[in-house]
Amino acid sequence: MFSRATSFFRSASPSLRKVKFSYLSVPSYLQAPLRSVSAMANQNALETFEHNSIIRSDGDKRIYRAMKLNNGLKVVLVSDPDTDKASAALDVHVGFMKDPKDLPGLAHFCEHMLFLGTKKYEEENAYNKFLSEHGGMSNAYTSSENTNYFFDVRSENLPGALDRFAQFFLCPLFTPSATDREVNAVNSENDKNLQQDPWRFNMLDKALGNPDHEFTSYGTGNKDTLDTIPKSKGINTRDELLKFHSKYYSSNIMSLAVLGKESLDELSEMVAPLFSPVENKSVEIPFWSEGPYGPEHVKKIFYAVPVKDLRNLSVSWTIPDLSDYYSSNPGHILGHLIGHEGRGSLLSELKQKGWVNSLCGGQTDGANGFMFFRIDFDLSEEGLEHVDDILLMMFQYIEMLRKEGPQEWVYKECQQLSDMIFRFKDKEKPINYTSFLARRMQKYPLPEVLSGSYLLTEYRPDLITMVLDKLVPETMRIGVIAKKFADIADQKEKWYGTEYKLEDIPDEKIKKWKNCGLTENLHLPPRNEFIPTNFEVVPREKDSSALPEMIKETGLSRLWFKQDDKFLLPKACLSFDISSPIAYTDPLNCNMAGLFTELFKDALNEYAYDAELAGLSYDLMNTVCGMVLQVKGYHEKQPVLLRKILEKLTDFKVDPKRFEIYKEMYMRGLRNFYAEEPYQHSIYYTNNLMAEIQWTKAELLQSAAEVTAEKLQEFIPNLLSKLFIEALIYGNVTKQQAKEVMEMTEGILKEKCGTKELLPSQYKRYREVQIPDGCYYLYQTDNKVHKSSSICIYYQCGMQDTLPNMLLELLVQILAEPCFNILRTKEQLGYIVFSGVRRARGVQGLRVIIQSDRPPQYVDDRVEAFLNHMETVIRDMSQEEYDKHVGALATKRMEKTKKINEQNMKYWSEIISNTYNFDRDEIEVACLKTVKKDDLIMFFKDFVAINAPHRHKLSIHIMPSSEELNTNTVSPEDNGADLLPVPTNLPKPCVVDDIADFKRHLGLYPLPKPFIDIGKAKSKL
């Protein structure tokens, strides 16, 4: 399956789109005429498709209009009167495949530069400042063929945001000062990726193709490619940026999606004057008649060395571009079969052998004119020694598919699943939706822009056979990744330095795989019994509560219930917090709880896979308190899946062979932590120092060696012997059904395990370390893999409560944009610059995270200089600007949830934190509107200012172990702006050498109090 494993070469396209209607019967929403011209269509439009001409899902209440403007720019307008955020996105059909040969990374650099000032809005941060002040955000990405820009904003402020956005494509400045500085951000972004295996192997895979093919180009860029080398050749990068934008940023290869609460006519009147002036330069979208891998590049195998301890096998073929066949999607049908995980599947048989842990397969995007079909395997230790046998079995499965031929029932099942997904599709956040639509307009006709990536309407067995015929040994390419190849690697990839060895595949192996024959253990999957047929909304509860309510409590469990009255979809979420006092008592038990949950999911995988395909999934994960079990999706067959989970859980037998495989995987995962990025290390150590108890990776790794299959088997019944379960059932369920689910859960546990209730003193929740007033602690460690440093500074601000929560969030709202503008854009401290709220165990504070090429102490001082400056900014802020920030924060907090899962997680977070403030947004925003500027200034002076009486600072400094950091201070000439002065009275830190000793000598905050009276809630039962 695509989603089960990460391809280390290219992101797999979402090929496993699943389905519902018969290809012989066309649903009502496909019966509308595909084109009509609106009387209201703007005079700037060449053609218009009105709402009824656009294929939509049944539950989509938004109103659409699609247009092609006179300048060729494609537009989709979305009118949603209920939206609280407006959004827009523009996709340009050009990416890094069109970089000039001597300027790799130019398209990506151009994307960065468009944010930094236009002729109409010259201030570098004008766009982001406007968005920040009006509850919005922005981002962009550059891919091989596309560059996608998007933003959201408070719905009332769409006109102002759209005006600023449009200037990107009309009159960007590309100022010399910003150009000179922003190249450092691109370089920092590249540095961030240098030791990340997915980036490294993506580039290696491309580098082994035809070097003259644009697909093999290096797309990120760095300071050498965009500054140092061009200067040495007399090339002016700024001039080249202007040329690139002038040449390729043409309206005829652009697509724009705009979502707002205005009517379609009002949106049309807003969009046309802003985007009609974008020049049509008649750019032709490139087409590649051949892929990057010719006859001299196939029948090859490379052995590559990863940074982390990974073992992967990848097989790929170049196939024709299937984009035009989206209505039959033959690559998806084959991906569905080859990537299947049920009985008789390739993965099932390889797992039985103990060779493979996971598999994903299917079509992936290449470029206009070609695609790829990939099959990727995650290997066990033994599997690494059986690569040829794995490939033999892979070809046996492919041969079985040829022998069986395309099966119409398989197509219909995929069609049924895909239609179901589209029909009951969740609403998305506006910013995600517009970015998606802008990209999809480049791939599908305007009337099918919503449906094209979902619906299957044409059965084409000939195309399935055509793709299957491409999957032969003679044209394949193989990659094997493992640490063991360090001894044989004799080449190094240019951009990331990945070591590898490339060999021809011997003819005798090709012949063996070609004549692989069949094996009876591999066969087509059975029909999916989990596909739901009941999509009815259950009867409404009388006198139903607007918020979750406790409906049942025993000594063993407490049940919260909320019937969905918002989304009205045939879906539900069942969540169970299973508390066990022995789950986290020591590192050994923590390891065994983690291994138990992973082995359980592995054992149930064949059964649960069909349910997952049919939109019904589950997860079981270990926590510091025990385990969390969640079952989500279509409600009809949730009780069936839950019963199977509970029966398996309570009668679980450890398979010794699978145990050894998963223990090795688990320990490898712990060891691989050393190769995570520096900023992730800084977050980890912050959490470790602030938690009452958190076993370290080293402690877990040391004790993991002690775990045996026998010990784990003994541990499981002990884990389940005494429990307290707190559950939330939310969605398309009745109160009686919720009670029956809880009764079934308790009944199975009592019957199978003799589970008893916990004593009140055994119900354990860990607390947060309390930093004393006026203290500043510093913890320093190194990262042995990456060349960057990182800091995480945490200013602990005390217990969470309604007013402190809003004061801290308002402070973060005001700090966010200038933090990014000053520390990243102007001072260029690094690509990753983040400021925000940290909350854990009822305690909160301000957190700043930066990953940089400069020494951590220098960056720490720059943060202090920034915060010192912001005290003055807040003090001098006008009431109008202050009110904008209050409104922006209120907009963010009151944004409506778009998906049933999202709403469920809001409720669930209140339950697992034992706070139960289910109406938190309403309550806290009401409080926010009473906060005065003086209140915020006092909060800053109390907790953040340098001489604050309640200042509690913890700094984590992560140093690279081998690379020299940039020790040059940034001068005004370098960064185009005066550096803020570092305060002279900064306190000296108390250095933490021993984390356990540090925590031993500090107090703990109390746990947060419940917002509601649990006793009163019980009394109503």
# chains A, B, ... in the order shown; residues from 1 in each chain; ligands from 1
>>> select_by_dssp(residues="segment 805-929 of chain A", states="strand (DSSP E)", output="number ranges by chain")
A: 832-840, 843-852
>>> residues_around(residues="segment 861-875 of chain A", least_positions_apart="2", cutoff="7 Å", atoms="only C-alpha atoms", output="NGL selection string")
:A and (857-859 or 877 or 937 or 945 or 980-983)
>>> write_last_selection(atoms="all heavy atoms", output="PDB file, in the first residue's frame")
ATOM      1  N   GLN A 857      25.105  30.042  21.485  1.00  0.00           N
ATOM      2  CA  GLN A 857      25.064  31.165  22.410  1.00  0.00           C
ATOM      3  C   GLN A 857      24.822  32.480  21.675  1.00  0.00           C
ATOM      4  O   GLN A 857      24.118  33.369  22.168  1.00  0.00           O
ATOM      5  CB  GLN A 857      26.357  31.263  23.233  1.00  0.00           C
ATOM      6  CG  GLN A 857      26.280  32.270  24.380  1.00  0.00           C
ATOM      7  CD  GLN A 857      25.129  31.989  25.319  1.00  0.00           C
ATOM      8  OE1 GLN A 857      25.012  30.903  25.870  1.00  0.00           O
ATOM      9  NE2 GLN A 857      24.223  32.970  25.509  1.00  0.00           N
ATOM     10  N   TYR A 858      25.399  32.599  20.481  1.00  0.00           N
ATOM     11  CA  TYR A 858      25.152  33.798  19.670  1.00  0.00           C
ATOM     12  C   TYR A 858      23.670  33.904  19.329  1.00  0.00           C
ATOM     13  O   TYR A 858      23.058  34.974  19.447  1.00  0.00           O
ATOM     14  CB  TYR A 858      25.987  33.746  18.387  1.00  0.00           C
ATOM     15  CG  TYR A 858      25.670  34.866  17.422  1.00  0.00           C
ATOM     16  CD1 TYR A 858      26.186  36.153  17.616  1.00  0.00           C
ATOM     17  CD2 TYR A 858      24.837  34.649  16.323  1.00  0.00           C
ATOM     18  CE1 TYR A 858      25.871  37.184  16.746  1.00  0.00           C
ATOM     19  CE2 TYR A 858      24.523  35.674  15.451  1.00  0.00           C
ATOM     20  CZ  TYR A 858      25.044  36.948  15.661  1.00  0.00           C
ATOM     21  OH  TYR A 858      24.728  37.958  14.799  1.00  0.00           O
ATOM     22  N   VAL A 859      23.060  32.779  18.918  1.00  0.00           N
ATOM     23  CA  VAL A 859      21.639  32.774  18.554  1.00  0.00           C
ATOM     24  C   VAL A 859      20.782  33.061  19.786  1.00  0.00           C
ATOM     25  O   VAL A 859      19.805  33.812  19.713  1.00  0.00           O
ATOM     26  CB  VAL A 859      21.250  31.426  17.914  1.00  0.00           C
ATOM     27  CG1 VAL A 859      19.775  31.418  17.536  1.00  0.00           C
ATOM     28  CG2 VAL A 859      22.108  31.153  16.687  1.00  0.00           C
ATOM     29  N   MET A 877       2.821  50.199  20.880  1.00  0.00           N
ATOM     30  CA  MET A 877       1.833  49.765  19.893  1.00  0.00           C
ATOM     31  C   MET A 877       0.542  50.581  20.024  1.00  0.00           C
ATOM     32  O   MET A 877       0.049  50.828  21.124  1.00  0.00           O
ATOM     33  CB  MET A 877       1.536  48.273  20.107  1.00  0.00           C
ATOM     34  CG  MET A 877       0.579  47.653  19.110  1.00  0.00           C
ATOM     35  SD  MET A 877       0.349  45.884  19.464  1.00  0.00           S
ATOM     36  CE  MET A 877       1.940  45.243  18.952  1.00  0.00           C
ATOM     37  N   ILE A 937       1.299  43.889  28.772  1.00  0.00           N
ATOM     38  CA  ILE A 937       2.602  44.454  29.157  1.00  0.00           C
ATOM     39  C   ILE A 937       3.009  43.928  30.528  1.00  0.00           C
ATOM     40  O   ILE A 937       4.170  43.549  30.748  1.00  0.00           O
ATOM     41  CB  ILE A 937       2.540  45.994  29.139  1.00  0.00           C
ATOM     42  CG1 ILE A 937       2.366  46.504  27.703  1.00  0.00           C
ATOM     43  CG2 ILE A 937       3.787  46.593  29.779  1.00  0.00           C
ATOM     44  CD1 ILE A 937       2.062  47.989  27.603  1.00  0.00           C
ATOM     45  N   ALA A 945      10.441  39.561  30.371  1.00  0.00           N
ATOM     46  CA  ALA A 945      11.456  40.621  30.400  1.00  0.00           C
ATOM     47  C   ALA A 945      12.687  40.153  31.181  1.00  0.00           C
ATOM     48  O   ALA A 945      12.603  39.287  32.064  1.00  0.00           O
ATOM     49  CB  ALA A 945      10.875  41.883  31.027  1.00  0.00           C
ATOM     50  N   LEU A 980      19.716  44.556  16.372  1.00  0.00           N
ATOM     51  CA  LEU A 980      19.207  44.982  17.672  1.00  0.00           C
ATOM     52  C   LEU A 980      20.285  44.736  18.721  1.00  0.00           C
ATOM     53  O   LEU A 980      20.956  43.703  18.703  1.00  0.00           O
ATOM     54  CB  LEU A 980      17.952  44.193  18.027  1.00  0.00           C
ATOM     55  CG  LEU A 980      16.772  44.340  17.052  1.00  0.00           C
ATOM     56  CD1 LEU A 980      15.703  43.291  17.356  1.00  0.00           C
ATOM     57  CD2 LEU A 980      16.190  45.741  17.149  1.00  0.00           C
ATOM     58  N   PRO A 981      20.469  45.669  19.648  1.00  0.00           N
ATOM     59  CA  PRO A 981      21.531  45.487  20.649  1.00  0.00           C
ATOM     60  C   PRO A 981      21.184  44.383  21.643  1.00  0.00           C
ATOM     61  O   PRO A 981      20.031  44.246  22.071  1.00  0.00           O
ATOM     62  CB  PRO A 981      21.593  46.856  21.337  1.00  0.00           C
ATOM     63  CG  PRO A 981      20.231  47.439  21.141  1.00  0.00           C
ATOM     64  CD  PRO A 981      19.752  46.945  19.809  1.00  0.00           C
ATOM     65  N   VAL A 982      22.201  43.614  22.004  1.00  0.00           N
ATOM     66  CA  VAL A 982      22.021  42.591  23.033  1.00  0.00           C
ATOM     67  C   VAL A 982      22.019  43.277  24.395  1.00  0.00           C
ATOM     68  O   VAL A 982      22.911  44.082  24.690  1.00  0.00           O
ATOM     69  CB  VAL A 982      23.154  41.548  22.975  1.00  0.00           C
ATOM     70  CG1 VAL A 982      22.993  40.523  24.092  1.00  0.00           C
ATOM     71  CG2 VAL A 982      23.168  40.860  21.615  1.00  0.00           C
ATOM     72  N   PRO A 983      21.031  43.003  25.228  1.00  0.00           N
ATOM     73  CA  PRO A 983      21.014  43.629  26.561  1.00  0.00           C
ATOM     74  C   PRO A 983      22.295  43.312  27.329  1.00  0.00           C
ATOM     75  O   PRO A 983      22.826  42.196  27.252  1.00  0.00           O
ATOM     76  CB  PRO A 983      19.799  42.991  27.239  1.00  0.00           C
ATOM     77  CG  PRO A 983      18.941  42.512  26.109  1.00  0.00           C
ATOM     78  CD  PRO A 983      19.861  42.134  25.007  1.00  0.00           C
TER      79      PRO A 983
END
>>> select_by_dssp(residues="segment 859-948 of chain A", states="helix (DSSP H, G or I)", output="ChimeraX atom specification")
/A:859-876,879-893,900-912,920-928,933-943
>>> closest_residue(among="A:Leu965, A:Ile900, A:Leu811, A:Leu379", to="Ser788 of chain A", atoms="only C-alpha atoms")
A:Leu965
>>> closest_residue(among="A:Gly342, A:Pro445, A:Pro639, A:Pro548", to="Ile911 of chain A", atoms="only C-alpha atoms")
A:Pro548
